[in-house]
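K.L.:
Structure supplied as structure.tsv; contents: TSV, C-alpha atoms.
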chain	number	residue	atom	x	y	z
A	331	MET	CA	63.66	51.48	146.56
A	332	ALA	CA	61.00	52.39	144.06
A	333	LEU	CA	61.85	54.27	140.89
A	334	GLU	CA	60.41	57.72	140.45
A	335	LEU	CA	60.58	59.46	137.11
A	336	GLU	CA	59.96	63.01	136.03
A	337	ILE	CA	59.97	63.71	132.31
A	338	THR	CA	60.09	67.31	131.22
A	339	PRO	CA	60.60	68.97	127.87
A	340	SER	CA	64.00	70.52	127.57
A	341	LYS	CA	65.01	72.50	124.52
A	342	GLN	CA	63.59	71.85	121.07
A	343	HIS	CA	63.50	68.14	120.18
A	344	SER	CA	64.87	67.14	123.56
A	345	LYS	CA	63.59	65.84	126.85
A	346	ARG	CA	64.99	65.51	130.35
A	347	ILE	CA	64.31	62.42	132.43
A	348	SER	CA	65.03	62.76	136.14
A	349	LEU	CA	65.44	59.41	137.87
A	350	SER	CA	65.12	58.79	141.60
A	351	GLY	CA	65.57	55.62	143.63
A	352	ALA	CA	66.74	52.33	142.12
A	353	LEU	CA	66.80	51.20	138.48
A	354	ASP	CA	66.96	47.40	138.70
A	355	SER	CA	65.20	44.28	137.45
A	356	ASN	CA	62.07	45.30	139.36
A	357	THR	CA	61.84	48.88	138.13
A	358	ALA	CA	63.52	48.81	134.70
A	359	PRO	CA	60.18	48.02	132.97
A	360	ASP	CA	58.77	51.26	134.44
A	361	LEU	CA	61.52	53.29	132.77
A	362	GLN	CA	61.00	51.43	129.50
A	363	HIS	CA	57.26	52.14	129.59
A	364	ALA	CA	57.89	55.80	130.31
A	365	ILE	CA	60.36	56.03	127.42
A	366	ASP	CA	57.93	54.29	125.06
A	367	ALA	CA	55.20	56.75	126.05
A	368	SER	CA	57.25	59.95	126.02
A	369	ILE	CA	60.20	59.69	123.65
A	370	ASP	CA	58.94	59.77	120.08
A	371	MET	CA	60.84	59.99	116.81
A	372	GLU	CA	60.92	63.79	117.02
A	373	ILE	CA	63.13	63.68	120.11
A	374	ARG	CA	66.81	63.84	119.24
A	375	THR	CA	68.36	64.51	122.64
A	376	VAL	CA	67.56	62.89	125.94
A	377	ILE	CA	69.20	64.04	129.16
A	378	LEU	CA	69.21	61.62	132.08
A	379	GLU	CA	69.44	63.52	135.37
A	380	MET	CA	70.87	60.97	137.81
A	381	GLN	CA	71.32	63.05	140.99
A	382	GLU	CA	68.75	61.04	142.96
A	383	LEU	CA	69.36	57.65	141.37
A	384	LYS	CA	71.12	55.65	144.07
A	385	PHE	CA	71.39	52.25	142.42
A	386	ILE	CA	71.49	50.68	138.98
A	387	SER	CA	71.84	47.09	137.78
A	388	SER	CA	72.34	45.53	134.36
A	389	ALA	CA	68.57	45.49	133.85
A	390	GLY	CA	68.57	49.26	134.06
A	391	LEU	CA	71.64	49.53	131.86
A	392	ARG	CA	69.85	47.53	129.17
A	393	VAL	CA	67.02	50.07	129.01
A	394	ILE	CA	69.46	52.97	128.87
A	395	PHE	CA	71.58	51.39	126.14
A	396	LYS	CA	68.43	50.58	124.16
A	397	LEU	CA	67.44	54.25	124.33
A	398	LYS	CA	70.96	55.30	123.31
A	399	LYS	CA	70.82	52.93	120.33
A	400	GLU	CA	67.48	54.37	119.20
A	401	LEU	CA	68.67	57.96	119.52
A	402	THR	CA	71.96	57.26	117.77
A	403	GLY	CA	70.00	55.63	114.96
A	404	ARG	CA	68.40	58.99	114.17
A	405	ASP	CA	71.56	61.05	114.74
A	406	GLY	CA	70.48	61.90	118.25
A	407	GLN	CA	72.33	61.65	121.55
A	408	LEU	CA	71.90	60.49	125.10
A	409	LEU	CA	73.48	62.60	127.81
A	410	MET	CA	73.83	61.77	131.49
A	411	VAL	CA	74.58	64.10	134.38
A	412	HIS	CA	75.25	63.81	138.13
A	413	LEU	CA	76.00	60.09	138.33
A	414	GLN	CA	76.14	58.90	141.93
A	415	PRO	CA	78.95	56.59	143.16
A	416	GLN	CA	77.36	53.16	142.61
A	417	VAL	CA	75.89	54.18	139.27
A	418	ARG	CA	79.15	55.69	138.08
A	419	LYS	CA	81.10	52.60	139.07
A	420	VAL	CA	78.70	50.30	137.23
A	421	PHE	CA	79.06	52.32	134.03
A	422	GLU	CA	82.83	52.39	134.41
A	423	VAL	CA	82.92	48.62	134.81
A	424	ILE	CA	80.99	48.14	131.60
A	425	THR	CA	83.52	50.54	129.99
A	426	ALA	CA	80.80	52.02	127.96
A	427	VAL	CA	80.99	55.33	129.69
A	428	SER	CA	83.65	56.38	127.23
A	429	ASN	CA	81.00	56.12	124.52
A	430	MET	CA	78.44	58.00	126.54
A	431	HIS	CA	78.27	61.69	127.26
A	432	VAL	CA	78.56	62.08	131.02
A	433	PHE	CA	78.69	65.44	132.74
A	434	ALA	CA	79.62	66.32	136.27
A	435	SER	CA	77.30	69.31	136.46
A	436	LEU	CA	74.46	71.07	134.70
A	437	GLU	CA	76.82	73.93	133.86
A	438	GLU	CA	79.10	71.54	131.99
A	439	LEU	CA	76.09	70.04	130.21
A	440	ASP	CA	74.79	73.49	129.21
A	441	GLU	CA	78.20	74.46	127.84
A	442	TYR	CA	78.27	71.30	125.74
A	443	LEU	CA	74.74	71.87	124.39
A	444	ALA	CA	75.57	75.49	123.61
A	445	SER	CA	78.65	74.43	121.68
A	446	ILE	CA	76.61	71.91	119.69
A	447	GLN	CA	73.98	74.56	118.91
A	448	LYS	CA	76.68	77.01	117.82
A	449	GLN	CA	78.16	74.36	115.57
A	450	VAL	CA	74.75	73.77	113.96
A	451	THR	CA	74.25	77.53	113.49
A	452	ASP	CA	77.71	77.94	111.97
A	453	ASP	CA	77.12	75.02	109.63
A	454	ASN	CA	73.80	76.54	108.52
A	455	ASN	CA	75.40	79.94	107.92
A	456	SER	CA	78.17	78.41	105.81
A	457	LEU	CA	75.56	76.84	103.54
A	458	GLN	CA	73.93	80.18	102.71
B	1059	MET	CA	78.54	33.97	162.81
B	1060	SER	CA	76.15	34.53	159.95
B	1061	ILE	CA	72.99	36.42	159.06
B	1062	SER	CA	70.50	35.15	156.52
B	1063	ILE	CA	67.30	36.03	154.70
B	1064	SER	CA	64.82	34.00	152.66
B	1065	LEU	CA	63.38	35.55	149.50
B	1066	LYS	CA	60.68	34.64	147.05
B	1067	THR	CA	61.66	34.50	143.38
B	1068	ARG	CA	59.99	37.80	142.56
B	1069	TYR	CA	61.75	40.89	141.26
B	1070	ASP	CA	60.02	43.06	143.85
B	1071	GLU	CA	62.11	41.28	146.47
B	1072	CYS	CA	65.11	43.34	145.35
B	1073	ASP	CA	64.35	46.02	147.93
B	1074	ARG	CA	64.53	43.41	150.69
B	1075	ILE	CA	67.95	42.34	149.37
B	1076	TYR	CA	69.29	45.90	149.59
B	1077	GLU	CA	67.84	46.42	153.04
B	1078	PHE	CA	69.21	43.07	154.24
B	1079	LEU	CA	72.72	43.88	153.03
B	1080	GLU	CA	72.76	47.47	154.28
B	1081	LYS	CA	71.53	46.58	157.73
B	1082	SER	CA	73.48	43.34	158.13
B	1083	LEU	CA	76.79	44.76	156.93
B	1084	SER	CA	76.57	47.47	159.58
B	1085	HIS	CA	76.78	44.70	162.22
B	1086	PRO	CA	79.96	44.80	164.33
B	1087	MET	CA	81.10	41.43	162.99
B	1088	PHE	CA	81.75	43.09	159.63
B	1089	ALA	CA	83.53	46.10	161.10
B	1090	GLY	CA	86.85	46.75	159.40
B	1091	ILE	CA	85.98	44.47	156.50
B	1092	VAL	CA	83.40	46.42	154.56
B	1093	SER	CA	83.28	50.00	153.36
B	1094	ASP	CA	80.36	51.92	151.88
B	1095	GLU	CA	81.72	51.06	148.45
B	1096	SER	CA	81.94	47.36	149.21
B	1097	VAL	CA	78.35	47.39	150.51
B	1098	ASP	CA	77.31	48.86	147.15
B	1099	ASP	CA	79.42	46.24	145.36
B	1100	LEU	CA	77.70	43.41	147.19
B	1101	LYS	CA	74.26	44.92	146.53
B	1102	THR	CA	75.09	45.04	142.84
B	1103	ALA	CA	76.39	41.48	142.71
B	1104	ALA	CA	73.49	40.16	144.80
B	1105	GLU	CA	70.89	41.77	142.54
B	1106	GLU	CA	72.55	40.31	139.45
B	1107	ILE	CA	72.73	36.79	140.89
B	1108	PHE	CA	69.16	36.98	142.21
B	1109	THR	CA	67.81	38.22	138.87
B	1110	ASN	CA	69.70	35.43	137.13
B	1111	ILE	CA	68.10	32.84	139.40
B	1112	VAL	CA	64.59	34.25	138.96
B	1113	MET	CA	64.92	34.52	135.19
B	1114	HIS	CA	66.92	31.44	134.27
B	1115	GLY	CA	66.54	29.15	137.25
B	1116	TYR	CA	62.82	29.55	137.82
B	1117	GLY	CA	61.73	31.00	134.47
B	1118	GLY	CA	59.98	33.84	136.25
B	1119	ASN	CA	57.98	31.52	138.51
B	1120	PRO	CA	57.37	33.55	141.69
B	1121	ASP	CA	56.94	30.51	143.93
B	1122	GLY	CA	60.61	29.62	144.28
B	1123	THR	CA	62.80	30.47	147.25
B	1124	VAL	CA	66.28	31.96	147.36
B	1125	ARG	CA	68.33	32.10	150.51
B	1126	MET	CA	71.05	34.67	151.09
B	1127	GLU	CA	73.52	34.39	153.95
B	1128	LEU	CA	76.27	36.76	155.00
B	1129	GLN	CA	79.32	35.32	156.74
B	1130	ALA	CA	82.31	37.10	158.26
B	1131	ASP	CA	85.65	35.31	158.37
B	1132	GLY	CA	88.45	37.46	159.68
B	1133	SER	CA	89.29	39.66	156.75
B	1134	THR	CA	86.61	38.56	154.33
B	1135	VAL	CA	82.86	38.74	153.97
B	1136	SER	CA	81.06	36.03	152.05
B	1137	LEU	CA	77.60	36.26	150.52
B	1138	VAL	CA	76.21	32.77	149.98
B	1139	ILE	CA	73.19	32.53	147.68
B	1140	SER	CA	71.36	29.23	147.33
B	1141	ASP	CA	68.31	27.99	145.45
B	1142	SER	CA	66.58	24.77	144.42
B	1143	ALA	CA	66.28	25.40	140.69
B	1144	PRO	CA	67.82	22.90	138.23
B	1145	PRO	CA	71.62	22.91	138.24
B	1146	TYR	CA	73.04	26.04	136.64
B	1147	ASN	CA	76.51	27.50	137.02
B	1148	PRO	CA	76.34	31.23	136.24
B	1149	PHE	CA	80.14	31.38	135.98
B	1150	ALA	CA	80.46	28.65	133.38
B	1151	LYS	CA	80.75	31.20	130.58
B	1152	LEU	CA	83.61	33.65	130.44
B	1153	ALA	CA	82.29	37.14	131.02
B	1154	VAL	CA	83.60	39.07	128.08
B	1155	ILE	CA	81.89	42.07	126.61
B	1156	LYS	CA	83.21	42.20	123.08
B	1157	PRO	CA	84.06	45.55	121.50
B	1158	GLY	CA	81.05	46.86	119.66
B	1159	ALA	CA	78.68	44.51	121.48
B	1160	ASP	CA	75.04	45.57	121.41
B	1161	LEU	CA	74.56	46.20	125.12
B	1162	SER	CA	70.85	46.82	124.64
B	1163	GLN	CA	70.61	43.01	124.44
B	1164	GLY	CA	72.11	42.52	127.89
B	1165	GLY	CA	75.02	40.27	128.78
B	1166	MET	CA	76.47	42.60	131.40
B	1167	GLY	CA	75.42	40.88	134.60
B	1168	LEU	CA	78.29	38.44	134.89
B	1169	THR	CA	80.85	41.17	134.19
B	1170	LEU	CA	79.40	43.22	137.01
B	1171	ILE	CA	79.40	40.28	139.43
B	1172	GLN	CA	83.03	39.47	138.70
B	1173	SER	CA	84.09	43.10	138.93
B	1174	MET	CA	82.29	43.82	142.17
B	1175	THR	CA	83.58	40.78	144.09
B	1176	ASP	CA	87.02	39.27	144.67
B	1177	GLU	CA	86.06	35.62	144.42
B	1178	GLN	CA	83.13	33.77	142.88
B	1179	HIS	CA	82.43	30.10	143.56
B	1180	TYR	CA	79.67	27.73	142.50
B	1181	SER	CA	78.64	24.31	143.66
B	1182	TYR	CA	75.69	21.97	143.27
B	1183	GLU	CA	75.09	19.71	146.24
B	1184	ASN	CA	72.04	18.19	147.91
B	1185	ALA	CA	69.85	19.57	145.10
B	1186	LEU	CA	70.97	23.10	145.84
B	1187	ASN	CA	72.72	25.59	143.59
B	1188	THR	CA	75.10	27.53	145.82
B	1189	VAL	CA	76.96	30.65	144.78
B	1190	ARG	CA	79.54	32.10	147.16
B	1191	LEU	CA	80.72	35.66	146.53
B	1192	VAL	CA	83.68	36.87	148.57
B	1193	LYS	CA	84.87	40.40	149.31
B	1194	HIS	CA	88.27	40.87	150.86
B	1195	ALA	CA	88.84	43.64	153.33
B	1196	GLU	CA	90.28	46.68	151.63
B	1197	LYS	CA	93.98	47.14	152.30
B	1198	ARG	CA	94.96	50.31	154.12
What would the structure in this file look like if it were written as structure tokens?
P.N.:
Amino acid sequence: MALELEITPSKQHSKRISLSGALDSNTAPDLQHAIDASIDMEIRTVILEMQELKFISSAGLRVIFKLKKELTGRDGQLLMVHLQPQVRKVFEVITAVSNMHVFASLEELDEYLASIQKQVTDDNNSLQ
Amino acid sequence: MSISISLKTRYDECDRIYEFLEKSLSHPMFAGIVSDESVDDLKTAAEEIFTNIVMHGYGGNPDGTVRMELQADGSTVSLVISDSAPPYNPFAKLAVIKPGADLSQGGMGLTLIQSMTDEQHYSYENALNTVRLVKHAEKR
């Protein structure tokens, strides 16, 4: 299975990466190259859309955790949605999913982002 | 009975591994032993072992050969992976991901292999590294 990627701007300072196929030792460098080319320091939120990602191995996990580390380092966040069975099980085994934001649906993701935005707005208002 | 495949030590052989496991495990001799989930588990473990061999056994040299063989034995399926690299036991280290570990550095492969299979065995004989991964039939 090849890895296909689609990177689209999401809201301000965020991007959505849709993954399709397999993210393994053969294809993980492709994701890393795409991240290096598209995710600059201005990006604070990255959403990984995993609906069409059928397989992941530790090589793919390494790239994802590296991205998470970079985003966290600048107070950003990595969000994942629509994990398929094998991918979900791999994350659960590594027990890191509890430290990752994983959403079952886009509606749940949108609600979370809206709540974060509201929190930022409220914080800004309280400073005035 | 068994089914086998020979692979070159190149990462782009991963697709052949998945295809081999998916097609072979649908053979009647594995009926009642494997589920869709256990097929995924074996694909995961196989990729991790194969990557380990390519990276550490052959140092990325694409001219090596890895053999994978599936065996059915009553209520178990065994995946036997063998190569001719220098002796290396991938299970020699305890697979422990410490709290707070920097997972961007790796170190997750062995944990996945041990979680996705019920038994893991290693031997070095006749100049061959041999890893045997065993999945037990799921209890109903």
K.L.:
Show which residues sit within 8 Å of B:Ser1133, as a list in words. Count only C-alpha atoms, and ignore same-chain residues fewer than 3 positions away.
P.N.:
Gly1090, Ile1091, Ala1130, His1194 and Ala1195 of chain B
K.L.:
Which is closer to A:Leu408 than all the others in A:Lys448, A:Arg346, A:Lys341, A:Arg392, using all atoms listed in the file?
P.N.:
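Of all the options, A:Arg346 lies closest to A:Leu408.
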K.L.:
For B:Thr1102, find every residue with an atom within 7 Å (counting only C-alpha atoms), except residues of its own chain fewer than 4 positions away, and show them as a list in words.
P.N.:
Ser387 of chain A; Asp1098 and Glu1106 of chain B
K.L.:
Tell me, as number ranges by chain, which residues lie within 10 Å of A:Met331, counting only C-alpha atoms; anything in the same chain fewer than 4 positions away does not count.
P.N.:
A: 350-354, 356-357, 383-385; B: 1070, 1072-1074, 1076-1077
K.L.:
Would you list which chain B residues are within 9 Å of chain A using all atoms listed in the file, as a PyMOL selection string?
P.N.:
chain B and resi 1068-1073+1076+1095+1098-1099+1101-1103+1105-1106+1109+1155+1160-1167+1169-1170+1173-1174
K.L.:
Please, which residues are within 12 Å of (70.7, 29.8, 144.2) by the file's coordinates, counting all atoms listed in the file, and could they come as a ChimeraX atom specification?
P.N.:
/B:1064-1067,1104,1106-1116,1122-1127,1137-1148,1179-1183,1185-1191
K.L.:
I'd like the contact shell of A:Met410 - 9 Å cut-off, all atoms listed in the file, skipping same-chain residues fewer than 5 positions apart - returned as a list in words.
P.N.:
Val376, Ile377, Leu378, Glu379, Met380, Met430, His431, Val432, Phe433, Ala434 and Leu439 of chain A
K.L.:
Could the residues in this selection be saved with C-alpha atoms as a PDB file, keeping the file's coordinate frame?
P.N.:
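Final output, saved to selection_8.pdb:
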ATOM      1  CA  VAL A 376      67.560  62.890 125.940  1.00  0.00           C
ATOM      2  CA  ILE A 377      69.200  64.040 129.160  1.00  0.00           C
ATOM      3  CA  LEU A 378      69.210  61.620 132.080  1.00  0.00           C
ATOM      4  CA  GLU A 379      69.440  63.520 135.370  1.00  0.00           C
ATOM      5  CA  MET A 380      70.870  60.970 137.810  1.00  0.00           C
ATOM      6  CA  MET A 430      78.440  58.000 126.540  1.00  0.00           C
ATOM      7  CA  HIS A 431      78.270  61.690 127.260  1.00  0.00           C
ATOM      8  CA  VAL A 432      78.560  62.080 131.020  1.00  0.00           C
ATOM      9  CA  PHE A 433      78.690  65.440 132.740  1.00  0.00           C
ATOM     10  CA  ALA A 434      79.620  66.320 136.270  1.00  0.00           C
ATOM     11  CA  LEU A 439      76.090  70.040 130.210  1.00  0.00           C
TER      12      LEU A 439
END
K.L.:
For atom CA of A:Glu372 and atom CA of A:His343, quote the distance in Å rounded to one decimal.
P.N.:
6.0 Å
K.L.:
Report the distance between atom CA of B:Ile1171 and atom CA of B:Asn1184 in Å, rounded to one decimal place.
P.N.:
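A separation of 24.8 Å between them.
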K.L.:
Which residues, written as number ranges by chain, have at least one atom at most 12 Å from A:Lys345, with only C-alpha atoms counted and residues fewer than 5 positions away on the same chain left out?
P.N.:
A: 336-340, 365, 368-379, 401, 406-410
K.L.:
Choose the residue, out of B:Asn1119, B:Asp1176, B:Ser1096, B:Lys1151, that has the smallest atom-to-atom separation from B:Ser1084; count only C-alpha atoms.
P.N.:
B:Ser1096
K.L.:
One number please: atom CA of A:Leu413 to atom CA of A:Ala367, in Å, one decimal.
P.N.:
24.4 Å
K.L.:
Pick from A:Asp360, A:Asp440, A:Glu382, A:Asp366: nearest to A:Ser348, with all atoms listed in the file counted?
P.N.:
A:Glu382
